[in-house]
>>> print(open('final-v1.txt').read())   # compact mmCIF, C-alpha atoms and all ligand atoms
# COMPACT_ATOMS: atom_id res chain seq x y z
CA MET A 25 -14.44 23.68 -1.68
CA ASP A 26 -10.96 24.22 -3.02
CA PHE A 27 -9.63 21.51 -5.29
CA SER A 28 -6.50 23.38 -6.36
CA LEU A 29 -3.07 21.98 -5.56
CA SER A 30 -0.34 24.12 -4.03
CA GLU A 31 2.93 24.89 -5.84
CA GLU A 32 4.69 22.40 -3.60
CA GLN A 33 2.13 19.67 -4.27
CA LEU A 34 2.39 20.24 -8.02
CA MET A 35 6.17 20.03 -7.83
CA ILE A 36 6.18 16.74 -5.97
CA ARG A 37 3.53 15.32 -8.33
CA ASP A 38 5.61 16.30 -11.36
CA ALA A 39 8.75 14.83 -9.80
CA ALA A 40 6.93 11.52 -9.28
CA ARG A 41 5.54 11.63 -12.83
CA ASP A 42 9.00 12.21 -14.32
CA PHE A 43 10.53 9.51 -12.16
CA ALA A 44 7.84 7.00 -13.15
CA ARG A 45 8.35 7.70 -16.86
CA THR A 46 12.12 7.75 -16.90
CA GLU A 47 13.04 5.24 -14.19
CA LEU A 48 10.10 2.87 -13.77
CA LEU A 49 8.73 2.46 -17.29
CA PRO A 50 11.85 1.09 -19.05
CA GLY A 51 12.16 -2.15 -17.05
CA VAL A 52 8.62 -2.63 -15.84
CA ILE A 53 7.67 -5.48 -18.21
CA GLU A 54 10.87 -7.38 -17.45
CA ARG A 55 10.45 -6.99 -13.69
CA ASP A 56 6.87 -8.23 -13.98
CA ASN A 57 7.90 -11.24 -16.09
CA LEU A 58 10.81 -12.23 -13.88
CA GLN A 59 9.23 -11.22 -10.56
CA LYS A 60 12.25 -9.02 -10.05
CA PHE A 61 12.31 -6.70 -7.04
CA PRO A 62 13.09 -3.09 -8.10
CA THR A 63 16.16 -2.68 -5.87
CA GLU A 64 17.74 0.19 -7.84
CA GLN A 65 14.43 2.01 -8.19
CA VAL A 66 13.73 1.75 -4.45
CA LYS A 67 17.13 3.24 -3.73
CA LYS A 68 16.35 6.17 -6.03
CA MET A 69 12.90 6.62 -4.49
CA GLY A 70 14.63 6.88 -1.12
CA GLU A 71 16.93 9.59 -2.49
CA LEU A 72 13.93 11.48 -3.86
CA GLY A 73 12.28 11.38 -0.44
CA PHE A 74 9.37 9.13 -1.48
CA LEU A 75 9.86 6.61 1.33
CA GLY A 76 9.24 8.79 4.37
CA MET A 77 7.15 11.56 2.87
CA MET A 78 4.94 12.49 5.81
CA VAL A 79 7.47 12.02 8.60
CA ASP A 80 8.85 15.00 10.54
CA PRO A 81 12.15 16.20 8.99
CA LYS A 82 13.84 15.71 12.36
CA TYR A 83 13.58 11.95 11.67
CA GLY A 84 14.72 12.34 8.06
CA GLY A 85 11.22 12.61 6.58
CA GLY A 86 9.79 15.06 4.07
CA GLY A 87 7.29 16.69 6.46
CA MET A 88 4.68 16.63 3.70
CA ASP A 89 0.93 16.26 3.89
CA THR A 90 -1.17 13.23 2.96
CA GLN A 91 -2.34 14.94 -0.23
CA SER A 92 1.25 15.07 -1.53
CA TYR A 93 1.72 11.41 -0.66
CA VAL A 94 -1.48 10.49 -2.51
CA LEU A 95 -0.30 12.41 -5.59
CA VAL A 96 3.00 10.50 -5.60
CA MET A 97 1.19 7.16 -5.15
CA GLU A 98 -1.11 8.00 -8.05
CA GLU A 99 1.74 8.90 -10.42
CA LEU A 100 3.92 5.88 -9.58
CA SER A 101 0.94 3.52 -9.86
CA LYS A 102 0.10 4.70 -13.36
CA ILE A 103 3.27 2.96 -14.47
CA ASP A 104 4.36 0.45 -11.84
CA ALA A 105 2.08 -0.69 -9.02
CA SER A 106 4.79 -3.08 -7.78
CA CYS A 107 6.93 -0.05 -6.91
CA SER A 108 4.07 1.97 -5.50
CA VAL A 109 3.06 -0.72 -3.01
CA ILE A 110 6.60 -0.62 -1.60
CA VAL A 111 6.17 3.13 -1.15
CA SER A 112 2.74 2.67 0.41
CA VAL A 113 3.79 0.06 2.97
CA ASN A 114 6.93 1.92 3.98
CA ASN A 115 5.15 5.29 4.32
CA SER A 116 1.70 4.65 5.65
CA LEU A 117 2.09 1.45 7.62
CA VAL A 118 5.68 1.35 8.85
CA CYS A 119 6.84 4.99 9.08
CA TYR A 120 3.45 6.31 10.17
CA GLY A 121 3.04 3.57 12.79
CA LEU A 122 6.48 4.22 14.25
CA GLU A 123 6.27 8.01 14.22
CA LYS A 124 2.80 8.13 15.74
CA TYR A 125 3.10 5.36 18.33
CA GLY A 126 6.79 4.46 18.71
CA SER A 127 9.07 5.58 21.57
CA GLU A 128 11.72 8.26 20.98
CA GLU A 129 14.42 5.56 21.10
CA GLN A 130 12.58 3.48 18.48
CA LYS A 131 12.25 6.52 16.24
CA GLN A 132 15.94 7.38 16.54
CA LYS A 133 17.05 3.80 15.99
CA TYR A 134 14.63 2.66 13.26
CA LEU A 135 12.53 5.46 11.80
CA THR A 136 15.50 7.65 10.82
CA LYS A 137 16.78 4.84 8.58
CA LEU A 138 13.38 3.97 7.10
CA THR A 139 12.63 7.51 5.94
CA THR A 140 15.80 7.79 3.87
CA GLY A 141 15.58 4.40 2.17
CA GLU A 142 18.67 3.13 3.95
CA LYS A 143 16.38 0.43 5.37
CA LEU A 144 13.03 -0.91 4.22
CA GLY A 145 10.05 -1.85 6.36
CA ALA A 146 7.31 -4.51 6.33
CA PHE A 147 4.02 -4.76 8.22
CA CYS A 148 3.14 -8.24 9.43
CA LEU A 149 -0.44 -8.79 10.52
CA SER A 150 -1.91 -11.48 8.22
CA GLU A 151 -1.56 -15.13 9.09
CA PRO A 152 -2.69 -18.38 7.46
CA GLU A 153 -5.86 -18.19 9.59
CA ALA A 154 -6.06 -14.48 10.33
CA GLY A 155 -6.40 -12.30 7.24
CA SER A 156 -9.73 -10.49 7.41
CA ASP A 157 -10.39 -11.92 10.89
CA ALA A 158 -7.45 -10.01 12.28
CA THR A 159 -8.22 -10.51 16.00
CA SER A 160 -7.54 -14.26 15.63
CA GLN A 161 -3.76 -13.92 15.86
CA LYS A 162 -2.03 -17.28 16.38
CA THR A 163 1.51 -15.89 16.49
CA THR A 164 2.47 -15.62 20.15
CA ALA A 165 4.81 -13.26 21.99
CA ILE A 166 5.34 -14.58 25.51
CA GLU A 167 7.18 -12.54 28.15
CA ASP A 168 10.51 -13.90 29.34
CA GLY A 169 12.39 -11.47 31.58
CA ASP A 170 13.35 -8.44 29.54
CA HIS A 171 12.39 -10.13 26.25
CA TYR A 172 9.38 -11.55 24.44
CA ILE A 173 9.65 -14.94 22.72
CA LEU A 174 8.00 -14.83 19.32
CA ASN A 175 6.55 -17.96 17.67
CA GLY A 176 4.31 -18.33 14.62
CA THR A 177 3.86 -17.69 10.91
CA LYS A 178 2.86 -14.57 8.96
CA ASN A 179 1.54 -14.71 5.40
CA TRP A 180 1.49 -12.58 2.24
CA ILE A 181 3.94 -10.03 3.65
CA THR A 182 4.78 -7.24 1.20
CA ASN A 183 8.55 -6.51 1.19
CA GLY A 184 8.79 -9.85 3.02
CA GLY A 185 12.20 -10.82 1.68
CA SER A 186 13.58 -7.34 1.07
CA ALA A 187 12.74 -5.52 4.28
CA ASP A 188 15.18 -4.90 7.11
CA TYR A 189 12.70 -4.00 9.86
CA TYR A 190 9.40 -5.82 10.42
CA LEU A 191 6.46 -4.62 12.49
CA VAL A 192 5.02 -7.89 13.79
CA ILE A 193 1.63 -8.23 15.48
CA ALA A 194 1.34 -11.12 17.97
CA GLN A 195 -0.80 -12.44 20.81
CA THR A 196 0.69 -12.01 24.30
CA HIS A 197 -2.28 -12.68 26.61
CA LYS A 198 -4.62 -15.09 24.80
CA GLU A 199 -7.36 -14.79 27.43
CA LYS A 200 -7.62 -11.04 26.79
CA LYS A 201 -8.33 -11.65 23.08
CA HIS A 202 -7.71 -8.50 20.98
CA LYS A 203 -6.78 -6.55 24.11
CA GLY A 204 -3.86 -8.95 24.68
CA ILE A 205 -2.21 -8.32 21.30
CA ASN A 206 1.10 -6.45 20.91
CA ALA A 207 3.13 -5.02 18.03
CA PHE A 208 6.93 -5.43 17.90
CA ILE A 209 9.84 -4.23 15.82
CA VAL A 210 11.82 -7.25 14.62
CA GLU A 211 15.07 -7.04 12.69
CA LYS A 212 16.01 -9.27 9.78
CA GLY A 213 18.70 -11.73 10.75
CA TRP A 214 17.64 -12.29 14.35
CA GLU A 215 18.03 -15.90 15.41
CA GLY A 216 14.95 -18.01 14.68
CA PHE A 217 13.53 -15.53 12.12
CA GLU A 218 13.18 -17.28 8.77
CA ILE A 219 11.90 -15.91 5.48
CA GLY A 220 9.66 -18.36 3.62
CA PRO A 221 9.52 -18.84 -0.16
CA LYS A 222 8.45 -15.97 -2.41
CA GLU A 223 4.81 -16.09 -3.61
CA ASP A 224 4.21 -16.49 -7.36
CA LYS A 225 1.48 -13.88 -7.88
CA LEU A 226 -1.08 -12.84 -10.51
CA GLY A 227 -0.10 -9.16 -10.30
CA ILE A 228 2.30 -6.72 -8.63
CA ARG A 229 4.89 -9.33 -9.51
CA GLY A 230 7.83 -6.98 -8.98
CA SER A 231 6.88 -6.64 -5.34
CA ASP A 232 8.28 -9.23 -3.04
CA THR A 233 5.69 -11.22 -1.06
CA HIS A 234 6.69 -13.90 1.43
CA SER A 235 5.54 -15.85 4.44
CA LEU A 236 7.65 -15.33 7.56
CA ILE A 237 8.39 -17.91 10.22
CA PHE A 238 9.29 -17.08 13.82
CA ASN A 239 10.84 -19.83 15.90
CA ASP A 240 11.63 -18.71 19.46
CA VAL A 241 12.78 -15.29 18.25
CA ARG A 242 13.93 -13.18 21.21
CA VAL A 243 12.60 -9.63 20.94
CA PRO A 244 13.81 -7.07 23.52
CA LYS A 245 10.99 -5.48 25.51
CA GLU A 246 12.01 -2.02 24.34
CA ASN A 247 10.93 -3.12 20.83
CA ARG A 248 7.26 -3.38 21.82
CA ILE A 249 5.28 -0.48 20.34
CA GLY A 250 3.11 1.32 22.89
CA GLU A 251 1.58 0.01 26.10
CA ASP A 252 1.06 -3.69 26.75
CA GLY A 253 -2.06 -4.77 24.80
CA PHE A 254 -1.97 -1.86 22.31
CA GLY A 255 -1.12 -4.06 19.30
CA PHE A 256 -4.57 -4.56 17.78
CA SER A 257 -5.48 -0.94 18.11
CA PHE A 258 -2.08 -0.09 16.60
CA ALA A 259 -2.81 -2.33 13.61
CA MET A 260 -6.30 -0.90 13.04
CA LYS A 261 -5.26 2.74 13.36
CA THR A 262 -2.27 2.23 11.09
CA LEU A 263 -4.26 0.31 8.48
CA ALA A 264 -6.86 3.10 8.35
CA GLY A 265 -4.17 5.36 6.84
CA GLY A 266 -2.71 2.53 4.77
CA ARG A 267 -6.05 2.23 3.02
CA ILE A 268 -5.75 5.80 1.73
CA GLY A 269 -2.41 4.82 0.14
CA ILE A 270 -3.91 1.74 -1.52
CA ALA A 271 -6.91 3.77 -2.68
CA ALA A 272 -4.45 6.16 -4.35
CA GLN A 273 -2.66 3.18 -5.88
CA ALA A 274 -5.97 1.92 -7.32
CA LEU A 275 -6.71 5.42 -8.64
CA GLY A 276 -3.30 5.51 -10.34
CA ILE A 277 -3.77 2.08 -11.94
CA ALA A 278 -7.14 3.21 -13.33
CA ALA A 279 -5.75 6.54 -14.55
CA GLY A 280 -2.73 4.83 -16.16
CA ALA A 281 -4.95 2.32 -17.99
CA TYR A 282 -7.29 5.09 -19.14
CA ASP A 283 -4.40 7.23 -20.46
CA MET A 284 -3.14 4.32 -22.53
CA ALA A 285 -6.61 3.46 -23.86
CA ARG A 286 -7.20 7.08 -24.86
CA GLU A 287 -3.87 7.37 -26.67
CA TYR A 288 -4.32 4.03 -28.43
CA SER A 289 -7.85 4.91 -29.56
CA LYS A 290 -6.49 8.01 -31.30
CA VAL A 291 -4.01 6.09 -33.46
CA ARG A 292 -5.58 2.70 -34.07
CA LYS A 293 -7.80 2.68 -37.13
CA ALA A 294 -10.77 0.46 -37.92
CA PHE A 295 -13.52 0.85 -40.51
CA GLY A 296 -11.64 3.72 -42.11
CA THR A 297 -11.16 5.95 -39.05
CA GLU A 298 -9.43 6.15 -35.66
CA ILE A 299 -11.36 3.99 -33.24
CA CYS A 300 -12.03 6.95 -30.88
CA ASN A 301 -14.39 8.19 -33.60
CA HIS A 302 -16.61 5.19 -33.00
CA GLN A 303 -19.14 5.86 -30.30
CA ALA A 304 -18.60 2.35 -28.89
CA ILE A 305 -15.07 3.40 -27.92
CA ALA A 306 -15.73 7.10 -27.16
CA PHE A 307 -18.48 6.14 -24.68
CA LYS A 308 -16.13 3.70 -22.97
CA LEU A 309 -13.64 6.55 -22.53
CA ALA A 310 -16.39 8.78 -21.16
CA ASP A 311 -17.41 6.17 -18.58
CA MET A 312 -13.81 5.45 -17.62
CA HIS A 313 -12.97 9.11 -17.14
CA THR A 314 -16.12 9.81 -15.12
CA SER A 315 -15.52 6.94 -12.71
CA ILE A 316 -11.85 7.94 -12.30
CA GLU A 317 -12.89 11.50 -11.42
CA ALA A 318 -15.35 10.17 -8.83
CA ALA A 319 -12.65 7.92 -7.35
CA ARG A 320 -10.17 10.80 -7.31
CA ASN A 321 -12.60 12.95 -5.34
CA LEU A 322 -13.05 10.20 -2.74
CA VAL A 323 -9.30 9.60 -2.45
CA TYR A 324 -8.45 13.31 -2.13
CA LYS A 325 -11.26 13.75 0.39
CA ALA A 326 -9.86 10.95 2.56
CA ALA A 327 -6.39 12.52 2.37
CA TRP A 328 -7.89 15.90 3.23
CA ASP A 329 -9.69 14.40 6.24
CA LYS A 330 -6.40 12.99 7.51
CA ASP A 331 -4.60 16.30 6.96
CA GLN A 332 -7.38 18.21 8.75
CA GLY A 333 -7.22 15.90 11.76
CA ASN A 334 -10.72 14.56 11.02
CA ASP A 335 -11.61 10.92 11.51
CA TYR A 336 -10.67 9.12 8.28
CA ASP A 337 -11.63 5.50 8.98
CA MET A 338 -14.77 5.77 6.88
CA SER A 339 -13.54 8.11 4.18
CA GLY A 340 -10.41 5.97 3.70
CA ALA A 341 -12.51 2.80 3.51
CA MET A 342 -14.92 4.38 1.01
CA ALA A 343 -12.03 5.63 -1.11
CA LYS A 344 -10.41 2.19 -1.17
CA LEU A 345 -13.67 0.33 -1.81
CA TYR A 346 -14.64 2.57 -4.72
CA ALA A 347 -11.22 3.25 -6.27
CA SER A 348 -10.31 -0.45 -6.29
CA GLN A 349 -13.55 -1.28 -8.15
CA VAL A 350 -12.79 1.52 -10.62
CA ALA A 351 -9.26 0.15 -11.08
CA MET A 352 -10.73 -3.24 -12.01
CA ASP A 353 -13.45 -1.87 -14.29
CA VAL A 354 -11.26 0.66 -16.09
CA SER A 355 -8.32 -1.68 -16.61
CA ILE A 356 -10.62 -4.37 -18.08
CA GLU A 357 -12.11 -1.78 -20.43
CA ALA A 358 -8.63 -0.52 -21.35
CA VAL A 359 -7.72 -4.05 -22.46
CA GLN A 360 -10.94 -4.15 -24.48
CA VAL A 361 -10.18 -0.84 -26.21
CA HIS A 362 -6.77 -2.27 -27.18
CA GLY A 363 -8.40 -5.40 -28.66
CA GLY A 364 -5.86 -8.13 -29.44
CA ASN A 365 -2.99 -5.84 -28.48
CA GLY A 366 -4.51 -5.44 -25.03
CA TYR A 367 -3.82 -9.11 -24.41
CA VAL A 368 -0.13 -8.68 -25.19
CA LYS A 369 2.38 -7.67 -22.51
CA GLU A 370 4.09 -5.05 -24.66
CA TYR A 371 1.00 -2.80 -24.42
CA HIS A 372 1.05 -2.65 -20.59
CA VAL A 373 -2.71 -2.65 -19.98
CA GLU A 374 -2.93 -6.39 -19.28
CA ARG A 375 -0.40 -5.86 -16.45
CA LEU A 376 -2.45 -3.01 -15.01
CA MET A 377 -5.51 -5.28 -15.12
CA ARG A 378 -3.66 -7.99 -13.20
CA ASP A 379 -2.24 -5.43 -10.77
CA ALA A 380 -5.67 -3.89 -10.14
CA LYS A 381 -7.10 -7.02 -8.52
CA ILE A 382 -4.92 -6.89 -5.41
CA THR A 383 -6.29 -3.44 -4.49
CA GLN A 384 -9.60 -5.16 -3.73
CA ILE A 385 -7.85 -7.62 -1.43
CA TYR A 386 -4.92 -6.25 0.57
CA GLU A 387 -5.06 -3.89 3.55
CA GLY A 388 -8.63 -5.06 4.02
CA THR A 389 -10.75 -6.69 1.30
CA SER A 390 -13.67 -4.80 -0.23
CA GLU A 391 -15.94 -6.79 2.08
CA ILE A 392 -13.96 -5.58 5.11
CA GLN A 393 -14.24 -1.97 3.86
CA LYS A 394 -18.01 -2.45 3.80
CA ILE A 395 -17.89 -3.64 7.43
CA VAL A 396 -15.91 -0.53 8.40
CA ILE A 397 -18.24 1.79 6.45
CA SER A 398 -21.51 0.23 7.63
CA ARG A 399 -20.38 0.14 11.27
CA GLY A 400 -19.42 3.79 10.98
CA LEU A 401 -22.83 4.62 9.55
CA LEU A 402 -24.72 2.80 12.26
CA ARG A 403 -22.62 4.02 15.21
CA ASP A 404 -24.65 6.23 17.56
N1 LIG B 1 -9.12 2.23 15.07
C1 LIG B 1 -8.94 1.93 16.36
N2 LIG B 1 -9.48 0.85 16.95
C2 LIG B 1 -10.25 0.05 16.19
C3 LIG B 1 -10.50 0.32 14.83
C4 LIG B 1 -9.89 1.48 14.30
N3 LIG B 1 -10.03 1.80 13.00
N4 LIG B 1 -11.32 -0.62 14.35
C5 LIG B 1 -11.57 -1.47 15.37
N5 LIG B 1 -10.93 -1.05 16.47
C6 LIG B 1 -10.94 -1.66 17.79
C7 LIG B 1 -12.37 -1.70 18.34
O1 LIG B 1 -12.69 -0.48 18.98
C8 LIG B 1 -12.28 -2.84 19.32
O2 LIG B 1 -11.67 -2.43 20.52
P1 LIG B 1 -12.54 -2.30 21.89
O3 LIG B 1 -13.12 -3.65 22.14
O4 LIG B 1 -11.51 -1.88 22.87
O5 LIG B 1 -13.57 -1.26 21.60
C9 LIG B 1 -11.29 -3.77 18.65
O6 LIG B 1 -10.55 -3.01 17.72
C10 LIG B 1 -11.94 -4.93 17.96
O7 LIG B 1 -12.89 -4.41 17.07
P2 LIG B 1 -14.13 -5.25 16.56
O8 LIG B 1 -14.86 -5.88 17.70
O9 LIG B 1 -14.87 -4.37 15.62
O10 LIG B 1 -13.34 -6.43 15.80
P3 LIG B 1 -13.80 -7.42 14.70
O11 LIG B 1 -13.18 -8.72 14.97
O12 LIG B 1 -15.29 -7.37 14.50
O13 LIG B 1 -13.05 -6.87 13.36
C11 LIG B 1 -12.47 -5.47 11.57
C12 LIG B 1 -12.99 -5.57 13.00
C13 LIG B 1 -13.19 -6.38 10.62
C14 LIG B 1 -12.70 -4.03 11.13
C15 LIG B 1 -10.95 -5.78 11.60
O14 LIG B 1 -10.73 -7.11 12.01
C16 LIG B 1 -10.26 -5.56 10.28
O15 LIG B 1 -9.99 -4.43 9.87
N6 LIG B 1 -9.92 -6.66 9.56
C17 LIG B 1 -9.18 -6.60 8.34
C18 LIG B 1 -7.72 -6.57 8.63
C19 LIG B 1 -6.95 -6.31 7.39
O16 LIG B 1 -7.01 -5.24 6.83
N7 LIG B 1 -6.18 -7.32 6.97
C20 LIG B 1 -5.31 -7.18 5.89
C21 LIG B 1 -3.95 -7.37 6.42
S1 LIG B 1 -2.84 -6.11 6.15
S2 LIG B 1 -2.28 -6.41 4.28
>>> encode(input="final-v1.txt", output="structure tokens", more="lines below")
Ligand code: COS
Amino acid sequence: MDFSLSEEQLMIRDAARDFARTELLPGVIERDNLQKFPTEQVKKMGELGFLGMMVDPKYGGGGMDTQSYVLVMEELSKIDASCSVIVSVNNSLVCYGLEKYGSEEQKQKYLTKLTTGEKLGAFCLSEPEAGSDATSQKTTAIEDGDHYILNGTKNWITNGGSADYYLVIAQTHKEKKHKGINAFIVEKGWEGFEIGPKEDKLGIRGSDTHSLIFNDVRVPKENRIGEDGFGFSFAMKTLAGGRIGIAAQALGIAAGAYDMAREYSKVRKAFGTEICNHQAIAFKLADMHTSIEAARNLVYKAAWDKDQGNDYDMSGAMAKLYASQVAMDVSIEAVQVHGGNGYVKEYHVERLMRDAKITQIYEGTSEIQKIVISRGLLRD
């Protein structure tokens, strides 16, 4: 086994680390407080090539591997998980979905703008009654000549208010159940497409989460992705890669919280010495570091599987399940190491603790990951 990173991977990791420290850290508390979308930072991430990392350069992408993407996600998430989820959705759900399954016309028209940051994407699967139970889509897309007519509501959509292009999953042939579902590219501003109010969230408050309402929105047939009835499969295949991105986000949150706890423990004194000299704190650091290393190995393995062309449904699900638990555990312990200061926004760790929780929920809850893993184990 070779765990070493290439020169190129180290360079992109360091670029993300520098960017996170210089561009994300300064305003992160304010953005969290005010639920302010990081418009300027997203623009800069587009310029740095973080928004279409794995896409072929002929569509404006970086042509990089999944490992590089995971490294960038990890570094950004150490500081600002609200920014990293924007990167994750745009890369692994929207750009990946379009590059892998879109038509050449769709790639030329939409993908080339999404990779550069000129436009931002959103992935719209969840509904008020179809979150985990994703086959129960109530949004309909009914054929009408050379268009589909879209009606329904989507919930908890990341980049909901800020995106330009939306990949929307909807039911076309109800009687065919999941085999009658389609995925469509919908543009902001089309008649009948309304953006609902912004959600007031526990964490990742800089990211922009909305419900979306579709009232007789006319979508041209050429905006359907893949063959008729491919939509559910499209969503599942795309989400399998998305989960690697969220696993890397969880890993970054844990690593960021650990770094802060370690630094703090070396300067804060109690009972006449730095608190890291007390075994109660040193053992916490040992446990945190060990679990982060285990999570990192699972996340890198899932990325490696994807890069090798191996099946990554299970390894991605295992990485997300484990890394998201580690993000919760480590961030709670980081607050504890900081004592009273851990409860204060200025010290950052309380934000990381709030941000960690969503990694156990979105792109498939931990319970859904266990379904994916156990079904994979029991498949003949
Ligand atoms: N890749 C390709 N196809 C897949 C797939 C995958 N990873 N997982 C499932 N499918 C296919 C199945 O093969 C099946 O198709 P066929 O009948 O043609 O074989 C179809 O999808 C339905 O699968 P299944 O019967 O297993 O569906 P279930 O209703 O039992 O649900 C889970 C499957 C739970 C895995 C799925 O609904 C899921 O992932 N839910 C969570 C969705 C999610 O992540 N929501 C968050 C929203 S995005 S923030």
>>> residues_near_ligand(input="final-v1.txt", ligand="ligand LIG 1 (chain B)", cutoff="6 Å", atoms="only C-alpha atoms and all ligand atoms", output="list in words")
Leu149, Ser150, Gly155, Ser156, Asp157, Ala158, Thr159, Ser257, Met260, Lys261, Ala264, Asp337, Tyr386, Glu387, Gly388, Ile392 and Val396 of chain A
>>> write_last_selection(input="final-v1.txt", atoms="C-alpha atoms", output="short mmCIF file (atom, residue, chain, number, x, y, z; two decimals), in the frame of the given file")
data_model
loop_
_atom_site.label_atom_id
_atom_site.label_comp_id
_atom_site.auth_asym_id
_atom_site.auth_seq_id
_atom_site.Cartn_x
_atom_site.Cartn_y
_atom_site.Cartn_z
CA LEU A 149 -0.44 -8.79 10.52
CA SER A 150 -1.91 -11.48 8.22
CA GLY A 155 -6.40 -12.30 7.24
CA SER A 156 -9.73 -10.49 7.41
CA ASP A 157 -10.39 -11.92 10.89
CA ALA A 158 -7.45 -10.01 12.28
CA THR A 159 -8.22 -10.51 16.00
CA SER A 257 -5.48 -0.94 18.11
CA MET A 260 -6.30 -0.90 13.04
CA LYS A 261 -5.26 2.74 13.36
CA ALA A 264 -6.86 3.10 8.35
CA ASP A 337 -11.63 5.50 8.98
CA TYR A 386 -4.92 -6.25 0.57
CA GLU A 387 -5.06 -3.89 3.55
CA GLY A 388 -8.63 -5.06 4.02
CA ILE A 392 -13.96 -5.58 5.11
CA VAL A 396 -15.91 -0.53 8.40
#
>>> atom_distance(input="final-v1.txt", atom1="CA of Phe258 in chain A", atom2="CA of Asp168 in chain A")
22.6 Å
>>> residues_around(input="final-v1.txt", residues="Ile36 in chain A", least_positions_apart="6", cutoff="9 Å", atoms="all atoms listed in the file", output="list in words")
Ser92, Tyr93, Leu95 and Val96 of chain A
>>> closest_residue(input="final-v1.txt", among="A:Asn114, A:Asn183, A:Ser355, A:Gln132", to="Ala285 in chain A", atoms="all atoms listed in the file")
A:Ser355
>>> residues_around(input="final-v1.txt", residues="range 50-57 of chain A", least_positions_apart="3", cutoff="10 Å", atoms="only C-alpha atoms", output="list in words")
Ala44, Arg45, Thr46, Glu47, Lys60, Phe61, Pro62, Ile103, Asp104, Ala105, Ser106, Cys107, Lys225, Leu226, Gly227, Ile228, Arg229, Gly230, Ser231, Lys369, Glu370, Tyr371, His372 and Arg375 of chain A
>>> closest_residue(input="final-v1.txt", among="A:His234, A:Arg378, A:Lys245, A:Lys102", to="Ser127 in chain A", atoms="only C-alpha atoms")
A:Lys245
>>> closest_residue(input="final-v1.txt", among="A:Leu345, A:Leu236, A:Gln91, A:Val291", to="Cys148 in chain A", atoms="all atoms listed in the file")
A:Leu236
>>> decode(input="final-v1.txt", residues="range 118-122 of chain A", atoms="all heavy atoms", output="PDB file, in the first residue's frame")
ATOM      1  N   VAL A 118     -23.213  18.015  -9.076  1.00  0.00           N
ATOM      2  CA  VAL A 118     -23.648  18.687 -10.312  1.00  0.00           C
ATOM      3  C   VAL A 118     -22.678  18.426 -11.476  1.00  0.00           C
ATOM      4  O   VAL A 118     -23.065  17.888 -12.512  1.00  0.00           O
ATOM      5  CB  VAL A 118     -23.868  20.192 -10.046  1.00  0.00           C
ATOM      6  CG1 VAL A 118     -24.348  20.876 -11.314  1.00  0.00           C
ATOM      7  CG2 VAL A 118     -24.883  20.386  -8.921  1.00  0.00           C
ATOM      8  N   CYS A 119     -21.385  18.804 -11.285  1.00  0.00           N
ATOM      9  CA  CYS A 119     -20.432  18.625 -12.398  1.00  0.00           C
ATOM     10  C   CYS A 119     -20.258  17.150 -12.747  1.00  0.00           C
ATOM     11  O   CYS A 119     -20.282  16.777 -13.925  1.00  0.00           O
ATOM     12  CB  CYS A 119     -19.071  19.240 -12.050  1.00  0.00           C
ATOM     13  SG  CYS A 119     -19.073  21.031 -12.089  1.00  0.00           S
ATOM     14  N   TYR A 120     -20.100  16.310 -11.724  1.00  0.00           N
ATOM     15  CA  TYR A 120     -19.907  14.883 -12.013  1.00  0.00           C
ATOM     16  C   TYR A 120     -21.123  14.326 -12.757  1.00  0.00           C
ATOM     17  O   TYR A 120     -20.987  13.636 -13.774  1.00  0.00           O
ATOM     18  CB  TYR A 120     -19.686  14.091 -10.715  1.00  0.00           C
ATOM     19  CG  TYR A 120     -19.635  12.604 -10.960  1.00  0.00           C
ATOM     20  CD1 TYR A 120     -18.457  11.992 -11.386  1.00  0.00           C
ATOM     21  CD2 TYR A 120     -20.764  11.801 -10.805  1.00  0.00           C
ATOM     22  CE1 TYR A 120     -18.408  10.630 -11.651  1.00  0.00           C
ATOM     23  CE2 TYR A 120     -20.728  10.441 -11.071  1.00  0.00           C
ATOM     24  CZ  TYR A 120     -19.547   9.869 -11.489  1.00  0.00           C
ATOM     25  OH  TYR A 120     -19.500   8.514 -11.758  1.00  0.00           O
ATOM     26  N   GLY A 121     -22.309  14.641 -12.248  1.00  0.00           N
ATOM     27  CA  GLY A 121     -23.541  14.121 -12.871  1.00  0.00           C
ATOM     28  C   GLY A 121     -23.647  14.534 -14.327  1.00  0.00           C
ATOM     29  O   GLY A 121     -23.994  13.725 -15.196  1.00  0.00           O
ATOM     30  N   LEU A 122     -23.321  15.792 -14.604  1.00  0.00           N
ATOM     31  CA  LEU A 122     -23.437  16.282 -15.987  1.00  0.00           C
ATOM     32  C   LEU A 122     -22.351  15.694 -16.885  1.00  0.00           C
ATOM     33  O   LEU A 122     -22.616  15.316 -18.027  1.00  0.00           O
ATOM     34  CB  LEU A 122     -23.334  17.813 -16.015  1.00  0.00           C
ATOM     35  CG  LEU A 122     -24.612  18.581 -15.692  1.00  0.00           C
ATOM     36  CD1 LEU A 122     -24.331  20.070 -15.657  1.00  0.00           C
ATOM     37  CD2 LEU A 122     -25.697  18.267 -16.717  1.00  0.00           C
TER      38      LEU A 122
END
